[in-house]
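**Q** Dropping a structure here in structure tokens format, bear with me for questions.
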Amino acid sequence: MAEAHSSDNSVNLIAILPTGEIIGIAEMHGGKLKATRHVGTIGINVSSEWRNSGVGSDLLRSIIEWAKLCDIIKRIELEVMTDNQPALHIYEKFGFKTEGCKHGALYKEGRLIDTYLMGLTY
Ligand SMILES: CC(C)(COP(=O)(O)OP(=O)(O)OC[C@H]1O[C@@H](n2cnc3c(N)ncnc32)[C@H](O)[C@@H]1OP(=O)(O)O)[C@@H](O)C(=O)NCCC(=O)NCCS
């Protein structure tokens with residue numbers, strides 16, 4: 001795992017092999033307003049051939065650890081498609097709670113897709 005870039009409430013992480021191949025990325029962007037600086041919104045993506053090998057969990061764990069250490073972020077949130085079982089599984093494993101459902105939040109390949117809003121507040 002390597003930290004590619006960070007500011008006081010945002011960070012980009014990469015999972016990289018000794019060969020230099022990047023196999024996963026995670027990012028957390030903190031809010032820009034005084035009232036939202038404590039909220040980090042995250043996204044994670046792992047190369048398809050490396051999924052189910054623990055990379056996504058490692059990235060999520062590292063993001064949460066970074067957020068707790070940075071002393072600004074008090075809540076992490078994300079939006080995930082309701083049928084994305086692997087993602088729902090790892091978010092729940094790390095304590096995220098489903099806080100709501102956005103019906104038809106995305107439009108993809110001619111159909112409306114629901115998303116869950118998930119949050120982890122500590
Ligand atoms: C979601 C994602 C980041 C997970 O990364 P990963 O490296 O595969 O994650 P891990 O290997 O650490 O863990 C996967 C877990 O999901 C579980 N899982 C896999 N398929 C599953 C399914 N269909 N239903 C339920 N759980 C499932 C695995 O058993 C594993 O569980 P464990 O940690 O208890 O062993 C990865 O699938 C991905 O990049 N998906 C595409 C992008 C994406 O959806 N990003 C999230 C958008 S919010």
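For the structure tokens, the naming scheme is as follows: chains receive sequential letters (A, B, ...) according to their order of presentation, residues are indexed from 1 within each chain, and ligands are indexed from 1 in presentation order.
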If you count only C-alpha atoms, which residues fall within 9 Å of Leu78 of chain A, apart from same-chain ones fewer than 3 positions away, as a PyMOL selection string?
**A** chain A and resi 40-43+116-119
**Q** Hey, which residues come within 6 Å of ligand 1 if we count only C-alpha atoms and all ligand atoms? Could you give them as a list in words?
**A**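 For ligand 1, the residues inside 6 Å are Gly43, Ile44, Asn45, Val46, Arg51, Asn52, Ser53, Gly54, Val55, Gly56, Ser57, Glu79, Val80, Gln85, Pro86, Ala87, His89 and Ile90 of chain A.
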**Q** Contacts of Lys74 of chain A at 12 Å or less, counting only C-alpha atoms, minus same-chain residues fewer than 4 places along, as a VMD selection string?
**A** chain A and resid 9 30 to 31 35 to 41 64 to 70 119 to 122
**Q** May I ask which of the residues A:Met28, A:Leu17, A:Ile76, A:Ile113 is the closest one to Cys101 of chain A, counting only C-alpha atoms?
**A**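 Of the candidates, the smallest distance to Cys101 of chain A is held by A:Ile113.
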**Q** Determine which residues of chain A receive a DSSP assignment of helix (DSSP H, G or I), computed from the backbone, and state them as number ranges by chain.
**A** A: 48-50, 55-70, 85-93
**Q** Using only C-alpha atoms, which residues sit within 10 Å of Gly104 of chain A once same-chain residues fewer than 3 positions away are excluded, as JSON, numbers by chain?
**A** {"A": [101, 107, 108, 111, 112, 113, 114, 115]}
**Q** Give me a file of those residues, with C-alpha atoms, as a PDB file, in the first residue's frame.
**A**
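This went into out36.pdb:
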ATOM      1  CA  CYS A 101     -31.869   4.252  -0.361  1.00  0.00           C
ATOM      2  CA  TYR A 107     -29.149   5.756 -15.110  1.00  0.00           C
ATOM      3  CA  LYS A 108     -27.173   3.027 -16.814  1.00  0.00           C
ATOM      4  CA  ARG A 111     -32.418   1.468 -16.708  1.00  0.00           C
ATOM      5  CA  LEU A 112     -32.653   3.252 -13.394  1.00  0.00           C
ATOM      6  CA  ILE A 113     -30.494   1.903 -10.599  1.00  0.00           C
ATOM      7  CA  ASP A 114     -30.981   2.304  -6.846  1.00  0.00           C
ATOM      8  CA  THR A 115     -28.109   3.192  -4.531  1.00  0.00           C
TER       9      THR A 115
END
**Q** Using the chain letters and numbers from this document, which residues of segment 3-117 of chain A does DSSP assign to strand (DSSP E or B), as a ChimeraX atom specification?
**A** /A:3-6,11-16,22-30,39-46,75-81,97-108,111-117
**Q** Store the residues picked out above in a file with N, CA and C atoms, as a short mmCIF file (atom, residue, chain, number, x, y, z; two decimals), in the first residue's frame.
**A**
data_model
loop_
_atom_site.label_atom_id
_atom_site.label_comp_id
_atom_site.auth_asym_id
_atom_site.auth_seq_id
_atom_site.Cartn_x
_atom_site.Cartn_y
_atom_site.Cartn_z
N GLU A 3 0.72 5.72 -0.16
CA GLU A 3 -0.09 6.93 -0.13
C GLU A 3 0.37 7.81 -1.28
N ALA A 4 -0.52 8.08 -2.23
CA ALA A 4 -0.11 8.81 -3.42
C ALA A 4 -0.19 10.32 -3.22
N HIS A 5 -1.17 10.76 -2.46
CA HIS A 5 -1.38 12.20 -2.30
C HIS A 5 -2.29 12.42 -1.11
N SER A 6 -2.03 13.46 -0.35
CA SER A 6 -2.97 13.75 0.74
C SER A 6 -2.98 15.24 1.04
N VAL A 11 -7.30 12.02 0.96
CA VAL A 11 -6.15 11.16 0.67
C VAL A 11 -6.45 10.26 -0.52
N ASN A 12 -5.41 9.94 -1.28
CA ASN A 12 -5.50 8.92 -2.34
C ASN A 12 -4.52 7.82 -1.98
N LEU A 13 -5.00 6.58 -2.00
CA LEU A 13 -4.14 5.44 -1.71
C LEU A 13 -4.07 4.55 -2.94
N ILE A 14 -2.92 3.91 -3.14
CA ILE A 14 -2.83 2.92 -4.20
C ILE A 14 -2.29 1.62 -3.62
N ALA A 15 -2.79 0.50 -4.16
CA ALA A 15 -2.23 -0.81 -3.85
C ALA A 15 -1.35 -1.17 -5.03
N ILE A 16 -0.08 -1.41 -4.75
CA ILE A 16 0.89 -1.56 -5.83
C ILE A 16 1.74 -2.81 -5.60
N ILE A 22 -0.11 -1.20 -10.53
CA ILE A 22 -1.14 -0.73 -9.59
C ILE A 22 -2.36 -1.64 -9.72
N ILE A 23 -2.78 -2.23 -8.59
CA ILE A 23 -3.88 -3.20 -8.64
C ILE A 23 -5.13 -2.69 -7.90
N GLY A 24 -5.03 -1.52 -7.27
CA GLY A 24 -6.21 -0.99 -6.61
C GLY A 24 -5.99 0.46 -6.20
N ILE A 25 -7.09 1.20 -6.13
CA ILE A 25 -7.01 2.59 -5.68
C ILE A 25 -8.15 2.87 -4.70
N ALA A 26 -7.90 3.78 -3.81
CA ALA A 26 -8.96 4.25 -2.91
C ALA A 26 -8.75 5.73 -2.69
N GLU A 27 -9.85 6.45 -2.60
CA GLU A 27 -9.72 7.89 -2.37
C GLU A 27 -10.76 8.34 -1.35
N MET A 28 -10.39 9.33 -0.61
CA MET A 28 -11.35 9.95 0.31
C MET A 28 -11.21 11.46 0.17
N HIS A 29 -12.32 12.11 -0.13
CA HIS A 29 -12.34 13.56 -0.27
C HIS A 29 -13.13 14.15 0.89
N GLY A 30 -12.46 14.98 1.67
CA GLY A 30 -13.14 15.65 2.77
C GLY A 30 -13.94 16.84 2.25
N VAL A 39 -16.49 15.38 7.07
CA VAL A 39 -17.11 14.27 6.32
C VAL A 39 -16.22 13.89 5.13
N GLY A 40 -15.81 12.63 5.10
CA GLY A 40 -15.00 12.13 3.99
C GLY A 40 -15.83 11.21 3.12
N THR A 41 -15.83 11.48 1.82
CA THR A 41 -16.56 10.62 0.88
C THR A 41 -15.55 9.73 0.18
N ILE A 42 -15.83 8.42 0.17
CA ILE A 42 -14.80 7.49 -0.36
C ILE A 42 -15.25 6.75 -1.62
N GLY A 43 -14.26 6.29 -2.35
CA GLY A 43 -14.46 5.40 -3.50
C GLY A 43 -13.30 4.42 -3.54
N ILE A 44 -13.59 3.19 -3.96
CA ILE A 44 -12.56 2.13 -4.02
C ILE A 44 -12.74 1.36 -5.32
N ASN A 45 -11.63 0.99 -5.92
CA ASN A 45 -11.68 0.14 -7.11
C ASN A 45 -10.47 -0.78 -7.12
N VAL A 46 -10.73 -2.07 -7.33
CA VAL A 46 -9.66 -3.07 -7.40
C VAL A 46 -9.70 -3.70 -8.79
N ARG A 75 -16.66 11.37 10.11
CA ARG A 75 -17.67 10.55 9.44
C ARG A 75 -17.18 10.23 8.03
N ILE A 76 -17.34 8.95 7.64
CA ILE A 76 -17.00 8.55 6.28
C ILE A 76 -18.29 8.08 5.63
N GLU A 77 -18.52 8.50 4.40
CA GLU A 77 -19.76 8.09 3.74
C GLU A 77 -19.49 7.72 2.29
N LEU A 78 -20.44 7.04 1.70
CA LEU A 78 -20.31 6.58 0.32
C LEU A 78 -21.68 6.24 -0.22
N GLU A 79 -21.73 6.09 -1.53
CA GLU A 79 -22.95 5.65 -2.20
C GLU A 79 -22.58 4.39 -2.99
N VAL A 80 -23.42 3.38 -2.91
CA VAL A 80 -23.10 2.12 -3.58
C VAL A 80 -24.37 1.54 -4.21
N MET A 81 -24.23 0.96 -5.38
CA MET A 81 -25.39 0.35 -6.02
C MET A 81 -25.92 -0.79 -5.15
N LYS A 97 -23.01 1.55 8.12
CA LYS A 97 -24.44 1.28 8.23
C LYS A 97 -25.17 1.86 7.02
N THR A 98 -26.18 1.14 6.55
CA THR A 98 -27.02 1.67 5.48
C THR A 98 -27.97 2.70 6.07
N GLU A 99 -27.93 3.91 5.55
CA GLU A 99 -28.71 5.01 6.13
C GLU A 99 -29.89 5.42 5.26
N GLY A 100 -29.90 4.93 4.03
CA GLY A 100 -31.01 5.30 3.16
C GLY A 100 -30.82 4.73 1.78
N CYS A 101 -31.90 4.76 1.01
CA CYS A 101 -31.87 4.25 -0.36
C CYS A 101 -32.30 5.37 -1.31
N LYS A 102 -31.50 5.58 -2.33
CA LYS A 102 -31.87 6.57 -3.36
C LYS A 102 -32.42 5.81 -4.56
N HIS A 103 -33.72 5.89 -4.74
CA HIS A 103 -34.35 5.15 -5.82
C HIS A 103 -34.07 5.82 -7.16
N GLY A 104 -33.58 5.03 -8.10
CA GLY A 104 -33.30 5.56 -9.44
C GLY A 104 -32.21 6.62 -9.45
N ALA A 105 -31.23 6.47 -8.56
CA ALA A 105 -30.18 7.49 -8.45
C ALA A 105 -29.26 7.51 -9.66
N LEU A 106 -29.12 6.36 -10.33
CA LEU A 106 -28.23 6.28 -11.49
C LEU A 106 -29.01 5.80 -12.70
N TYR A 107 -28.55 6.22 -13.85
CA TYR A 107 -29.15 5.76 -15.11
C TYR A 107 -28.05 5.09 -15.91
N LYS A 108 -28.23 3.78 -16.17
CA LYS A 108 -27.17 3.03 -16.81
C LYS A 108 -27.79 2.02 -17.78
N ARG A 111 -31.58 1.73 -17.89
CA ARG A 111 -32.42 1.47 -16.71
C ARG A 111 -31.97 2.29 -15.51
N LEU A 112 -32.93 2.51 -14.62
CA LEU A 112 -32.65 3.25 -13.39
C LEU A 112 -32.13 2.29 -12.33
N ILE A 113 -31.14 2.76 -11.60
CA ILE A 113 -30.49 1.90 -10.60
C ILE A 113 -30.58 2.58 -9.23
N ASP A 114 -30.91 1.78 -8.21
CA ASP A 114 -30.98 2.30 -6.85
C ASP A 114 -29.60 2.28 -6.19
N THR A 115 -29.36 3.22 -5.31
CA THR A 115 -28.11 3.19 -4.53
C THR A 115 -28.44 3.30 -3.04
N TYR A 116 -27.54 2.76 -2.24
CA TYR A 116 -27.62 2.96 -0.79
C TYR A 116 -26.64 4.05 -0.40
N LEU A 117 -27.06 4.87 0.55
CA LEU A 117 -26.13 5.77 1.22
C LEU A 117 -25.67 5.04 2.47
#
**Q** Considering only C-alpha atoms, state which residue in the set A:Thr19, A:Asp8, A:Phe94, A:Gly110 is at the smallest distance from Leu59 of chain A.
**A**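 Of A:Thr19, A:Asp8, A:Phe94, A:Gly110, the one nearest Leu59 of chain A, counting only C-alpha atoms, is A:Phe94.
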**Q** Figure out the distance between atom CA of Tyr91 of chain A and atom CA of Arg61 of chain A, please, to one decimal in Å.
**A**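 Atom-to-atom, atom CA of Arg61 of chain A and atom CA of Tyr91 of chain A are spaced 10.0 Å apart.
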**Q** Give me, please, the distance in Å between atom CA of Ser10 of chain A and atom CA of Asp83 of chain A, quoted to one decimal.
**A**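 Between atom CA of Ser10 of chain A and atom CA of Asp83 of chain A the gap is 27.7 Å.
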**Q** To one decimal in Å, tell me the separation between atom CA of Glu109 of chain A and atom CA of Ser48 of chain A.
**A** 20.6 Å
